>>> print(open('model_10.cif').read())   # mmCIF, C-alpha atoms and all ligand atoms
data_coords
loop_
_atom_site.group_PDB
_atom_site.id
_atom_site.type_symbol
_atom_site.label_atom_id
_atom_site.label_comp_id
_atom_site.auth_asym_id
_atom_site.auth_seq_id
_atom_site.Cartn_x
_atom_site.Cartn_y
_atom_site.Cartn_z
ATOM 1 C CA MET A 119 40.838 -32.486 -47.785
ATOM 2 C CA LYS A 120 37.392 -31.511 -46.755
ATOM 3 C CA SER A 121 34.533 -32.656 -48.944
ATOM 4 C CA PRO A 122 32.457 -29.849 -50.412
ATOM 5 C CA VAL A 123 29.194 -29.128 -48.727
ATOM 6 C CA LEU A 124 26.234 -28.243 -50.811
ATOM 7 C CA ILE A 125 23.669 -26.075 -49.100
ATOM 8 C CA ILE A 126 20.322 -25.920 -50.764
ATOM 9 C CA LEU A 127 18.201 -23.027 -49.609
ATOM 10 C CA HIS A 128 14.492 -23.395 -49.844
ATOM 11 C CA PRO A 129 13.027 -20.584 -51.992
ATOM 12 C CA SER A 130 10.783 -19.551 -49.112
ATOM 13 C CA SER A 131 13.812 -18.528 -47.038
ATOM 14 C CA PHE A 132 14.273 -15.547 -49.380
ATOM 15 C CA ILE A 133 10.725 -14.357 -48.954
ATOM 16 C CA PRO A 134 10.028 -12.441 -45.796
ATOM 17 C CA HIS A 135 7.408 -14.100 -43.679
ATOM 18 C CA PRO A 136 4.177 -12.198 -44.240
ATOM 19 C CA PHE A 137 3.769 -11.650 -40.477
ATOM 20 C CA SER A 138 7.390 -11.163 -39.515
ATOM 21 C CA TRP A 139 7.296 -7.348 -39.267
ATOM 22 C CA SER A 140 4.087 -7.314 -37.296
ATOM 23 C CA MET A 141 5.352 -10.033 -34.946
ATOM 24 C CA ASP A 142 8.452 -7.909 -34.239
ATOM 25 C CA ASP A 143 6.200 -4.963 -33.663
ATOM 26 C CA GLN A 144 4.102 -6.987 -31.247
ATOM 27 C CA ILE A 145 7.200 -8.140 -29.355
ATOM 28 C CA THR A 146 8.446 -4.551 -29.072
ATOM 29 C CA LYS A 147 5.067 -3.487 -27.752
ATOM 30 C CA VAL A 148 4.903 -6.303 -25.224
ATOM 31 C CA THR A 149 8.397 -5.690 -23.884
ATOM 32 C CA SER A 150 8.090 -1.938 -23.656
ATOM 33 C CA VAL A 151 4.737 -1.848 -21.878
ATOM 34 C CA ILE A 152 5.446 -2.549 -18.217
ATOM 35 C CA LEU A 153 2.068 -1.911 -16.592
ATOM 36 C CA GLU A 154 -1.284 -2.204 -18.245
ATOM 37 C CA ALA A 155 -4.879 -1.626 -17.214
ATOM 38 C CA GLU A 156 -7.405 -3.582 -19.277
ATOM 39 C CA HIS A 157 -10.988 -2.353 -19.184
ATOM 40 C CA LEU A 158 -10.901 -1.694 -15.447
ATOM 41 C CA ARG A 159 -14.118 -0.948 -13.629
ATOM 42 C CA LYS A 160 -14.822 -0.264 -9.988
ATOM 43 C CA ASP A 161 -18.303 0.105 -8.529
ATOM 44 C CA PHE A 162 -18.965 1.482 -5.071
ATOM 45 C CA GLY A 163 -22.608 0.550 -4.568
ATOM 46 C CA GLY A 164 -24.434 2.516 -7.240
ATOM 47 C CA LEU A 165 -21.443 4.728 -8.076
ATOM 48 C CA ILE A 166 -19.101 3.753 -10.907
ATOM 49 C CA ALA A 167 -15.801 5.300 -9.805
ATOM 50 C CA VAL A 168 -13.764 3.764 -12.652
ATOM 51 C CA GLU A 169 -15.391 2.681 -15.892
ATOM 52 C CA ASP A 170 -13.754 0.784 -18.735
ATOM 53 C CA VAL A 171 -10.324 2.309 -18.142
ATOM 54 C CA SER A 172 -7.516 0.932 -20.282
ATOM 55 C CA LEU A 173 -4.018 2.352 -20.298
ATOM 56 C CA ARG A 174 -0.502 1.212 -21.069
ATOM 57 C CA ALA A 175 2.480 2.605 -19.222
ATOM 58 C CA ARG A 176 5.716 2.209 -21.166
ATOM 59 C CA ALA A 177 8.821 1.125 -19.301
ATOM 60 C CA GLY A 178 10.933 4.101 -18.269
ATOM 61 C CA SER A 179 8.239 6.658 -19.050
ATOM 62 C CA LEU A 180 6.559 9.264 -16.900
ATOM 63 C CA HIS A 181 2.841 8.827 -17.466
ATOM 64 C CA SER A 182 0.507 11.325 -15.822
ATOM 65 C CA ILE A 183 -3.132 10.764 -14.910
ATOM 66 C CA ILE A 184 -5.082 14.006 -14.709
ATOM 67 C CA GLY A 185 -8.714 14.947 -14.252
ATOM 68 C CA PRO A 186 -11.086 16.881 -11.996
ATOM 69 C CA ASN A 187 -11.738 15.957 -8.350
ATOM 70 C CA GLY A 188 -13.636 12.688 -8.104
ATOM 71 C CA ALA A 189 -12.624 11.586 -11.631
ATOM 72 C CA GLY A 190 -11.378 8.220 -10.308
ATOM 73 C CA LYS A 191 -7.594 8.759 -10.306
ATOM 74 C CA THR A 192 -6.925 7.508 -6.774
ATOM 75 C CA THR A 193 -9.332 4.610 -7.270
ATOM 76 C CA LEU A 194 -7.383 3.667 -10.414
ATOM 77 C CA PHE A 195 -4.134 3.653 -8.378
ATOM 78 C CA ASN A 196 -5.859 1.504 -5.746
ATOM 79 C CA LEU A 197 -6.764 -0.968 -8.478
ATOM 80 C CA LEU A 198 -3.273 -0.980 -10.016
ATOM 81 C CA SER A 199 -1.639 -1.596 -6.624
ATOM 82 C CA GLY A 200 -4.157 -4.226 -5.471
ATOM 83 C CA VAL A 201 -5.511 -2.132 -2.574
ATOM 84 C CA LEU A 202 -8.918 -2.506 -4.241
ATOM 85 C CA LYS A 203 -10.080 -5.336 -6.487
ATOM 86 C CA PRO A 204 -11.825 -4.345 -9.715
ATOM 87 C CA THR A 205 -15.466 -5.105 -10.384
ATOM 88 C CA ALA A 206 -14.270 -5.972 -13.915
ATOM 89 C CA GLY A 207 -11.086 -5.831 -15.958
ATOM 90 C CA ARG A 208 -7.468 -6.819 -15.385
ATOM 91 C CA VAL A 209 -4.115 -5.392 -14.338
ATOM 92 C CA ILE A 210 -1.110 -6.718 -16.236
ATOM 93 C CA PHE A 211 2.444 -6.188 -14.958
ATOM 94 C CA ARG A 212 5.309 -7.299 -17.197
ATOM 95 C CA GLY A 213 2.905 -9.451 -19.162
ATOM 96 C CA ARG A 214 1.524 -11.177 -16.048
ATOM 97 C CA ASP A 215 -2.050 -10.893 -14.765
ATOM 98 C CA ILE A 216 -1.659 -9.555 -11.213
ATOM 99 C CA THR A 217 -5.348 -8.733 -10.654
ATOM 100 C CA PRO A 218 -5.994 -11.428 -8.034
ATOM 101 C CA LEU A 219 -2.815 -10.796 -6.011
ATOM 102 C CA PRO A 220 -2.903 -9.096 -2.593
ATOM 103 C CA PRO A 221 -1.237 -5.668 -2.311
ATOM 104 C CA HIS A 222 1.895 -6.920 -0.517
ATOM 105 C CA ARG A 223 2.584 -9.445 -3.293
ATOM 106 C CA ILE A 224 2.153 -6.713 -5.904
ATOM 107 C CA ALA A 225 4.530 -4.486 -3.943
ATOM 108 C CA HIS A 226 7.091 -7.306 -3.810
ATOM 109 C CA LEU A 227 6.808 -7.756 -7.580
ATOM 110 C CA GLY A 228 7.937 -4.154 -8.043
ATOM 111 C CA ILE A 229 4.998 -1.745 -7.975
ATOM 112 C CA GLY A 230 5.372 0.864 -5.235
ATOM 113 C CA ARG A 231 2.762 3.432 -4.426
ATOM 114 C CA SER A 232 2.541 6.596 -2.414
ATOM 115 C CA PHE A 233 -0.663 7.903 -0.903
ATOM 116 C CA GLN A 234 -2.470 11.187 -1.410
ATOM 117 C CA ILE A 235 -2.190 11.815 2.334
ATOM 118 C CA THR A 236 1.212 11.935 4.033
ATOM 119 C CA ASN A 237 2.049 8.483 5.279
ATOM 120 C CA VAL A 238 5.100 8.273 7.584
ATOM 121 C CA PHE A 239 5.764 7.062 11.160
ATOM 122 C CA PRO A 240 5.956 10.402 13.005
ATOM 123 C CA ASN A 241 7.806 9.062 16.073
ATOM 124 C CA LEU A 242 10.610 7.439 14.118
ATOM 125 C CA THR A 243 13.568 9.243 12.610
ATOM 126 C CA VAL A 244 13.917 9.863 8.892
ATOM 127 C CA LEU A 245 16.511 7.089 8.639
ATOM 128 C CA GLU A 246 14.427 4.607 10.659
ATOM 129 C CA ASN A 247 11.380 5.238 8.481
ATOM 130 C CA VAL A 248 13.373 4.413 5.343
ATOM 131 C CA ARG A 249 15.261 1.523 6.942
ATOM 132 C CA LEU A 250 12.044 -0.141 8.103
ATOM 133 C CA ALA A 251 10.568 0.162 4.626
ATOM 134 C CA ALA A 252 13.677 -1.459 3.126
ATOM 135 C CA GLN A 253 13.626 -4.210 5.746
ATOM 136 C CA ALA A 254 9.914 -4.884 5.335
ATOM 137 C CA MET A 255 10.544 -5.717 1.680
ATOM 138 C CA GLY A 256 13.762 -7.643 2.335
ATOM 139 C CA ARG A 257 14.063 -11.399 2.236
ATOM 140 C CA ASP A 258 14.548 -11.792 6.007
ATOM 141 C CA SER A 259 11.788 -9.381 7.001
ATOM 142 C CA LEU A 260 10.172 -12.103 9.133
ATOM 143 C CA ASN A 261 13.402 -13.538 10.492
ATOM 144 C CA LEU A 262 14.049 -12.045 13.928
ATOM 145 C CA PHE A 263 17.398 -13.855 14.077
ATOM 146 C CA ALA A 264 18.766 -12.507 10.797
ATOM 147 C CA PRO A 265 22.475 -11.772 11.141
ATOM 148 C CA ALA A 266 23.477 -8.300 12.304
ATOM 149 C CA ALA A 267 25.339 -7.844 9.006
ATOM 150 C CA HIS A 268 22.005 -7.782 7.208
ATOM 151 C CA PHE A 269 20.800 -5.046 9.540
ATOM 152 C CA HIS A 270 23.855 -2.941 8.625
ATOM 153 C CA GLN A 271 23.148 -3.505 4.943
ATOM 154 C CA TYR A 272 19.662 -2.122 5.439
ATOM 155 C CA VAL A 273 21.019 0.895 7.318
ATOM 156 C CA GLU A 274 23.540 1.570 4.546
ATOM 157 C CA HIS A 275 20.884 1.176 1.878
ATOM 158 C CA ALA A 276 18.576 3.505 3.823
ATOM 159 C CA MET A 277 21.374 6.090 4.117
ATOM 160 C CA ARG A 278 21.855 6.061 0.343
ATOM 161 C CA VAL A 279 18.121 6.530 -0.210
ATOM 162 C CA VAL A 280 17.929 9.342 2.383
ATOM 163 C CA GLU A 281 20.773 11.059 0.526
ATOM 164 C CA GLN A 282 19.113 10.505 -2.838
ATOM 165 C CA VAL A 283 15.957 12.305 -1.708
ATOM 166 C CA GLY A 284 17.994 15.192 -0.317
ATOM 167 C CA LEU A 285 17.448 14.536 3.405
ATOM 168 C CA HIS A 286 21.018 13.515 4.369
ATOM 169 C CA GLY A 287 21.345 16.434 6.797
ATOM 170 C CA LYS A 288 18.100 15.367 8.506
ATOM 171 C CA ALA A 289 18.545 11.584 8.802
ATOM 172 C CA ASP A 290 18.371 11.632 12.617
ATOM 173 C CA LEU A 291 15.417 14.001 12.968
ATOM 174 C CA LEU A 292 12.031 12.657 14.000
ATOM 175 C CA ALA A 293 9.686 12.576 11.016
ATOM 176 C CA SER A 294 7.143 14.568 13.058
ATOM 177 C CA VAL A 295 9.349 17.678 13.118
ATOM 178 C CA LEU A 296 9.942 17.786 9.355
ATOM 179 C CA PRO A 297 8.310 20.583 7.392
ATOM 180 C CA HIS A 298 5.620 19.374 4.975
ATOM 181 C CA GLY A 299 7.909 19.498 1.911
ATOM 182 C CA ASP A 300 10.489 17.285 3.606
ATOM 183 C CA LYS A 301 7.771 14.832 4.674
ATOM 184 C CA ARG A 302 6.862 14.391 1.040
ATOM 185 C CA LYS A 303 10.535 13.751 0.221
ATOM 186 C CA LEU A 304 10.606 11.198 3.022
ATOM 187 C CA GLU A 305 7.560 9.486 1.522
ATOM 188 C CA LEU A 306 9.462 9.190 -1.738
ATOM 189 C CA GLY A 307 12.383 7.728 0.227
ATOM 190 C CA ILE A 308 10.098 5.172 1.909
ATOM 191 C CA LEU A 309 8.845 4.189 -1.510
ATOM 192 C CA LEU A 310 12.337 3.972 -3.011
ATOM 193 C CA ALA A 311 13.625 1.865 -0.118
ATOM 194 C CA SER A 312 12.001 -1.209 -1.644
ATOM 195 C CA ASP A 313 13.478 -0.441 -5.074
ATOM 196 C CA PRO A 314 10.241 -0.672 -7.078
ATOM 197 C CA GLN A 315 10.307 -0.739 -10.885
ATOM 198 C CA VAL A 316 7.081 1.242 -11.142
ATOM 199 C CA LEU A 317 6.193 4.123 -8.821
ATOM 200 C CA LEU A 318 2.590 5.252 -8.471
ATOM 201 C CA LEU A 319 2.717 8.798 -7.108
ATOM 202 C CA ASP A 320 -0.601 10.259 -5.986
ATOM 203 C CA GLU A 321 -0.291 14.055 -5.834
ATOM 204 C CA PRO A 322 3.283 14.113 -4.501
ATOM 205 C CA THR A 323 3.305 17.923 -4.467
ATOM 206 C CA ALA A 324 -0.032 18.292 -2.624
ATOM 207 C CA GLY A 325 0.130 20.866 0.147
ATOM 208 C CA MET A 326 3.649 21.979 -0.780
ATOM 209 C CA ALA A 327 4.619 25.620 -1.019
ATOM 210 C CA SER A 328 4.742 26.445 -4.731
ATOM 211 C CA GLU A 329 8.432 27.398 -4.603
ATOM 212 C CA GLN A 330 9.261 23.864 -3.380
ATOM 213 C CA VAL A 331 7.422 22.114 -6.213
ATOM 214 C CA PRO A 332 10.167 22.393 -8.896
ATOM 215 C CA GLN A 333 12.690 20.856 -6.498
ATOM 216 C CA LEU A 334 10.488 17.825 -5.783
ATOM 217 C CA MET A 335 9.716 17.378 -9.467
ATOM 218 C CA ALA A 336 13.435 17.561 -10.323
ATOM 219 C CA LEU A 337 13.966 14.862 -7.708
ATOM 220 C CA ILE A 338 11.263 12.672 -9.265
ATOM 221 C CA ALA A 339 12.763 13.200 -12.743
ATOM 222 C CA ASP A 340 16.168 12.250 -11.346
ATOM 223 C CA ILE A 341 14.844 9.094 -9.638
ATOM 224 C CA ARG A 342 13.267 8.029 -12.893
ATOM 225 C CA LYS A 343 16.395 8.620 -14.949
ATOM 226 C CA GLN A 344 18.960 7.211 -12.532
ATOM 227 C CA GLY A 345 17.005 4.073 -11.734
ATOM 228 C CA ASN A 346 15.328 3.703 -15.113
ATOM 229 C CA LYS A 347 11.984 3.622 -13.280
ATOM 230 C CA THR A 348 8.510 3.993 -14.681
ATOM 231 C CA ILE A 349 6.455 6.663 -12.973
ATOM 232 C CA LEU A 350 2.689 7.051 -12.962
ATOM 233 C CA LEU A 351 1.840 10.453 -11.597
ATOM 234 C CA VAL A 352 -1.463 11.891 -10.425
ATOM 235 C CA GLU A 353 -1.050 15.640 -10.288
ATOM 236 C CA HIS A 354 -3.272 18.709 -10.373
ATOM 237 C CA ASN A 355 -0.504 21.200 -11.139
ATOM 238 C CA MET A 356 -0.794 21.475 -14.934
ATOM 239 C CA ASP A 357 2.498 23.305 -15.403
ATOM 240 C CA VAL A 358 4.233 20.375 -13.730
ATOM 241 C CA VAL A 359 2.308 17.780 -15.737
ATOM 242 C CA MET A 360 2.908 19.460 -19.079
ATOM 243 C CA ASN A 361 6.623 19.815 -18.341
ATOM 244 C CA VAL A 362 7.517 16.362 -17.100
ATOM 245 C CA SER A 363 5.160 13.879 -18.797
ATOM 246 C CA ASP A 364 5.856 11.615 -21.758
ATOM 247 C CA ALA A 365 2.205 10.590 -21.869
ATOM 248 C CA ILE A 366 -0.972 11.873 -20.258
ATOM 249 C CA THR A 367 -4.265 10.088 -19.627
ATOM 250 C CA VAL A 368 -7.191 12.375 -18.856
ATOM 251 C CA MET A 369 -9.964 10.931 -16.689
ATOM 252 C CA HIS A 370 -13.431 12.377 -16.391
ATOM 253 C CA TYR A 371 -16.333 10.820 -14.457
ATOM 254 C CA GLY A 372 -14.388 7.560 -14.118
ATOM 255 C CA LYS A 373 -13.676 7.194 -17.834
ATOM 256 C CA VAL A 374 -10.687 7.930 -20.057
ATOM 257 C CA LEU A 375 -11.523 11.145 -21.872
ATOM 258 C CA ALA A 376 -8.259 11.420 -23.816
ATOM 259 C CA GLU A 377 -4.722 10.119 -23.992
ATOM 260 C CA GLY A 378 -1.650 11.544 -25.678
ATOM 261 C CA THR A 379 1.497 13.608 -25.423
ATOM 262 C CA PRO A 380 1.371 16.877 -23.468
ATOM 263 C CA ALA A 381 1.063 18.809 -26.744
ATOM 264 C CA GLN A 382 -1.823 16.622 -27.938
ATOM 265 C CA ILE A 383 -3.638 16.931 -24.603
ATOM 266 C CA ALA A 384 -3.167 20.696 -24.428
ATOM 267 C CA ALA A 385 -4.667 20.995 -27.929
ATOM 268 C CA ASN A 386 -7.573 18.597 -27.303
ATOM 269 C CA GLU A 387 -10.879 20.474 -27.356
ATOM 270 C CA GLN A 388 -12.778 17.990 -25.181
ATOM 271 C CA VAL A 389 -10.054 18.185 -22.540
ATOM 272 C CA GLN A 390 -10.113 21.963 -22.734
ATOM 273 C CA LYS A 391 -13.834 21.951 -22.051
ATOM 274 C CA ALA A 392 -13.854 19.307 -19.338
ATOM 275 C CA TYR A 393 -10.760 20.224 -17.418
ATOM 276 C CA LEU A 394 -8.015 22.482 -18.677
ATOM 277 C CA GLY A 395 -10.375 25.321 -19.577
ATOM 278 C CA GLU A 396 -11.573 25.482 -15.985
ATOM 279 C CA LEU A 397 -8.072 25.390 -14.603
ATOM 280 C CA TYR A 398 -6.696 28.089 -16.844
ATOM 281 C CA ARG A 399 -9.774 30.329 -16.810
HETATM 282 N N1 LIG B 401 -14.117 3.656 -0.781
HETATM 283 C C1 LIG B 401 -15.049 4.358 -1.437
HETATM 284 N N2 LIG B 401 -16.359 4.159 -1.207
HETATM 285 C C2 LIG B 401 -17.295 4.850 -1.902
HETATM 286 N N3 LIG B 401 -17.027 5.782 -2.834
HETATM 287 C C3 LIG B 401 -15.725 6.035 -3.100
HETATM 288 C C4 LIG B 401 -14.674 5.331 -2.419
HETATM 289 N N4 LIG B 401 -13.483 5.806 -2.903
HETATM 290 C C5 LIG B 401 -13.789 6.723 -3.826
HETATM 291 N N5 LIG B 401 -15.124 6.864 -3.952
HETATM 292 C C6 LIG B 401 -15.811 7.759 -4.889
HETATM 293 O O1 LIG B 401 -15.330 7.427 -6.181
HETATM 294 C C7 LIG B 401 -15.174 8.601 -6.976
HETATM 295 C C8 LIG B 401 -13.742 8.701 -7.444
HETATM 296 O O2 LIG B 401 -12.943 9.008 -6.309
HETATM 297 P P1 LIG B 401 -11.364 9.141 -6.391
HETATM 298 O O3 LIG B 401 -10.872 9.352 -5.014
HETATM 299 O O4 LIG B 401 -10.812 7.991 -7.153
HETATM 300 O O5 LIG B 401 -11.196 10.478 -7.268
HETATM 301 P P2 LIG B 401 -9.887 11.325 -7.600
HETATM 302 O O6 LIG B 401 -9.850 11.505 -9.077
HETATM 303 O O7 LIG B 401 -8.699 10.714 -6.956
HETATM 304 O O8 LIG B 401 -10.239 12.736 -6.922
HETATM 305 P P3 LIG B 401 -9.262 13.820 -6.233
HETATM 306 O O9 LIG B 401 -8.669 14.605 -7.372
HETATM 307 O O10 LIG B 401 -10.200 14.658 -5.431
HETATM 308 O O11 LIG B 401 -8.254 13.109 -5.405
HETATM 309 C C9 LIG B 401 -15.632 9.762 -6.104
HETATM 310 O O12 LIG B 401 -16.966 10.037 -6.403
HETATM 311 C C10 LIG B 401 -15.482 9.222 -4.695
HETATM 312 O O13 LIG B 401 -16.390 9.851 -3.815
HETATM 313 MG MG MG B 402 -7.363 11.353 -5.530
#
>>> encode(input="model_10.cif", output="structure tokens")
Amino acid sequence: MKSPVLIILHPSSFIPHPFSWSMDDQITKVTSVILEAEHLRKDFGGLIAVEDVSLRARAGSLHSIIGPNGAGKTTLFNLLSGVLKPTAGRVIFRGRDITPLPPHRIAHLGIGRSFQITNVFPNLTVLENVRLAAQAMGRDSLNLFAPAAHFHQYVEHAMRVVEQVGLHGKADLLASVLPHGDKRKLELGILLASDPQVLLLDEPTAGMASEQVPQLMALIADIRKQGNKTILLVEHNMDVVMNVSDAITVMHYGKVLAEGTPAQIAANEQVQKAYLGELYR
């Protein structure tokens, strides 16, 4: 027969720890924020392009950065992706300070970025452009003697990406002959080839015919959902921004003017004056 076991509970175990709820809250916050800018500043000589910018992108969200020309949006992306180093402040990715890392290390960690200007190899095919991007990020990117099987894996992966961005019928075309809208899809494909967790998209619809914009935005929404990706989007098309964003940060003269949901931003008087008013006038 087993001997009885007496368990004596300390009275304090019935009392909730005074900080327990806030600790949980903190943990939730830490885990759900994937990319964070902390008081970022970038000086170019006498010009302050980015000044005391803090923002938190939540994992899986679509977070737009808007603001007039010269507001500092592209500079902010350059800071987040390591292309530029801040004069002050930090960039935190998954709780880790990545500020000192070079851009290729940041890309390997899972932050992919597109550029405001179309950025593809014109004399390579659609498939080769995507395959090279996948290979460049792969483990044996520097190994010239990697087995042929690996090469086929990259080709297969690239094919899937080309299909995902809606260019399957054009995989063997030279990038140079693609219409502008397809080039922008290819840029997305090049970005997706390395399977980043966070995508920084700088005006992905720039220069596109307006009837093509909804298709590209549907593609971006799909990429985000399917891959559970976080997307930071710089975009001037306000209809697009208001439709697709979970959160919006408004920049003005290098600073954060406002942050909130699309409804909050649309109703914000300062934003109306500085930016939206002009656009909708
Ligand atoms: N490398 C650089 N050297 C000097 N000044 C720069 C540099 N890059 C950007 N700037 C300046 O910093 C400011 C912010 O530029 P940035 O390109 O970040 O703006 P933006 O919000 O992306 O504008 P746009 O909507 O026109 O793309 C501008 O005044 C710009 O002229
Ligand atoms: Mg820009």
>>> resolve_selection(input="model_10.cif", expression="the PyMOL selection byres (((chain A and resi 321-331) around 10) and not hetatm)", output="PyMOL selection string")
chain A and resi 192+232-236+297-303+305-306+318-320+332-338+351-355+358
>>> residues_around(input="model_10.cif", residues="Leu242 of chain A", least_positions_apart="3", cutoff="7 Å", atoms="all atoms listed in the file", output="count of residues only")
5
>>> closest_residue(input="model_10.cif", among="A:Gln388, A:Gln315, A:Thr379, A:Asn187", to="Gly345 of chain A", atoms="all atoms listed in the file")
A:Gln315
>>> resolve_selection(input="model_10.cif", expression="the PyMOL selection byres (((chain A and resi 168) around 12) and not hetatm)", output="PyMOL selection string")
chain A and resi 155-162+165-167+169-172+188-198+202-207+369-374
>>> write_last_selection(input="model_10.cif", atoms="C-alpha atoms", output="mmCIF file, in the frame of the given file")
data_model
loop_
_atom_site.group_PDB
_atom_site.id
_atom_site.type_symbol
_atom_site.label_atom_id
_atom_site.label_comp_id
_atom_site.auth_asym_id
_atom_site.auth_seq_id
_atom_site.Cartn_x
_atom_site.Cartn_y
_atom_site.Cartn_z
ATOM 1 C CA ALA A 155 -4.879 -1.626 -17.214
ATOM 2 C CA GLU A 156 -7.405 -3.582 -19.277
ATOM 3 C CA HIS A 157 -10.988 -2.353 -19.184
ATOM 4 C CA LEU A 158 -10.901 -1.694 -15.447
ATOM 5 C CA ARG A 159 -14.118 -0.948 -13.629
ATOM 6 C CA LYS A 160 -14.822 -0.264 -9.988
ATOM 7 C CA ASP A 161 -18.303 0.105 -8.529
ATOM 8 C CA PHE A 162 -18.965 1.482 -5.071
ATOM 9 C CA LEU A 165 -21.443 4.728 -8.076
ATOM 10 C CA ILE A 166 -19.101 3.753 -10.907
ATOM 11 C CA ALA A 167 -15.801 5.300 -9.805
ATOM 12 C CA GLU A 169 -15.391 2.681 -15.892
ATOM 13 C CA ASP A 170 -13.754 0.784 -18.735
ATOM 14 C CA VAL A 171 -10.324 2.309 -18.142
ATOM 15 C CA SER A 172 -7.516 0.932 -20.282
ATOM 16 C CA GLY A 188 -13.636 12.688 -8.104
ATOM 17 C CA ALA A 189 -12.624 11.586 -11.631
ATOM 18 C CA GLY A 190 -11.378 8.220 -10.308
ATOM 19 C CA LYS A 191 -7.594 8.759 -10.306
ATOM 20 C CA THR A 192 -6.925 7.508 -6.774
ATOM 21 C CA THR A 193 -9.332 4.610 -7.270
ATOM 22 C CA LEU A 194 -7.383 3.667 -10.414
ATOM 23 C CA PHE A 195 -4.134 3.653 -8.378
ATOM 24 C CA ASN A 196 -5.859 1.504 -5.746
ATOM 25 C CA LEU A 197 -6.764 -0.968 -8.478
ATOM 26 C CA LEU A 198 -3.273 -0.980 -10.016
ATOM 27 C CA LEU A 202 -8.918 -2.506 -4.241
ATOM 28 C CA LYS A 203 -10.080 -5.336 -6.487
ATOM 29 C CA PRO A 204 -11.825 -4.345 -9.715
ATOM 30 C CA THR A 205 -15.466 -5.105 -10.384
ATOM 31 C CA ALA A 206 -14.270 -5.972 -13.915
ATOM 32 C CA GLY A 207 -11.086 -5.831 -15.958
ATOM 33 C CA MET A 369 -9.964 10.931 -16.689
ATOM 34 C CA HIS A 370 -13.431 12.377 -16.391
ATOM 35 C CA TYR A 371 -16.333 10.820 -14.457
ATOM 36 C CA GLY A 372 -14.388 7.560 -14.118
ATOM 37 C CA LYS A 373 -13.676 7.194 -17.834
ATOM 38 C CA VAL A 374 -10.687 7.930 -20.057
#
>>> atom_distance(input="model_10.cif", atom1="atom CA of Pro314 of chain A", atom2="atom CA of Leu245 of chain A")
18.6 Å
>>> closest_residue(input="model_10.cif", among="A:Val201, A:Leu296, A:Val279, A:Val316", to="Pro240 of chain A", atoms="all atoms listed in the file")
A:Leu296
>>> atom_distance(input="model_10.cif", atom1="atom CA of Gln390 of chain A", atom2="atom CA of Ile184 of chain A")
12.4 Å
>>> residues_around(input="model_10.cif", residues="Asp313 of chain A", least_positions_apart="2", cutoff="10 Å", atoms="all atoms listed in the file", output="list in words")
Ala225, His226, Gly228, Ile229, Gly230, Ala252, Met255, Val279, Gly307, Ile308, Leu309, Leu310, Ala311, Gln315, Val316, Leu317, Gly345 and Lys347 of chain A
>>> residues_around(input="model_10.cif", residues="Leu153 of chain A", least_positions_apart="2", cutoff="9 Å", atoms="all atoms listed in the file", output="tab-separated table (two decimals) with C-alpha atoms, in the coordinates of the input")
chain	number	residue	atom	x	y	z
A	151	VAL	CA	4.74	-1.85	-21.88
A	155	ALA	CA	-4.88	-1.63	-17.21
A	173	LEU	CA	-4.02	2.35	-20.30
A	174	ARG	CA	-0.50	1.21	-21.07
A	175	ALA	CA	2.48	2.60	-19.22
A	176	ARG	CA	5.72	2.21	-21.17
A	177	ALA	CA	8.82	1.12	-19.30
A	198	LEU	CA	-3.27	-0.98	-10.02
A	209	VAL	CA	-4.12	-5.39	-14.34
A	210	ILE	CA	-1.11	-6.72	-16.24
A	211	PHE	CA	2.44	-6.19	-14.96
A	212	ARG	CA	5.31	-7.30	-17.20
A	213	GLY	CA	2.90	-9.45	-19.16
A	316	VAL	CA	7.08	1.24	-11.14
A	348	THR	CA	8.51	3.99	-14.68
>>> atom_distance(input="model_10.cif", atom1="atom CA of Ala276 of chain A", atom2="atom CA of Ile349 of chain A")
21.0 Å
>>> closest_residue(input="model_10.cif", among="A:Pro186, A:Leu350, A:Glu154, A:Ala385", to="Arg208 of chain A", atoms="all atoms listed in the file")
A:Glu154
>>> decode(input="model_10.cif", residues="segment 352-366 of chain A", atoms="C-alpha atoms", output="compact mmCIF listing (two decimals), in the first residue's frame")
# COMPACT_ATOMS: atom_id res chain seq x y z
CA VAL A 352 6.49 51.92 -49.15
CA GLU A 353 3.73 53.04 -51.47
CA HIS A 354 2.36 56.30 -52.83
CA ASN A 355 -0.95 54.88 -54.05
CA MET A 356 -3.23 55.69 -51.11
CA ASP A 357 -6.10 53.50 -52.27
CA VAL A 358 -3.71 50.55 -52.20
CA VAL A 359 -2.27 51.48 -48.81
CA MET A 360 -5.65 52.00 -47.17
CA ASN A 361 -6.92 48.69 -48.52
CA VAL A 362 -4.08 46.34 -47.68
CA SER A 363 -2.37 47.68 -44.54
CA ASP A 364 -2.75 46.48 -40.96
CA ALA A 365 -0.65 49.40 -39.74
CA ILE A 366 0.61 52.61 -41.29
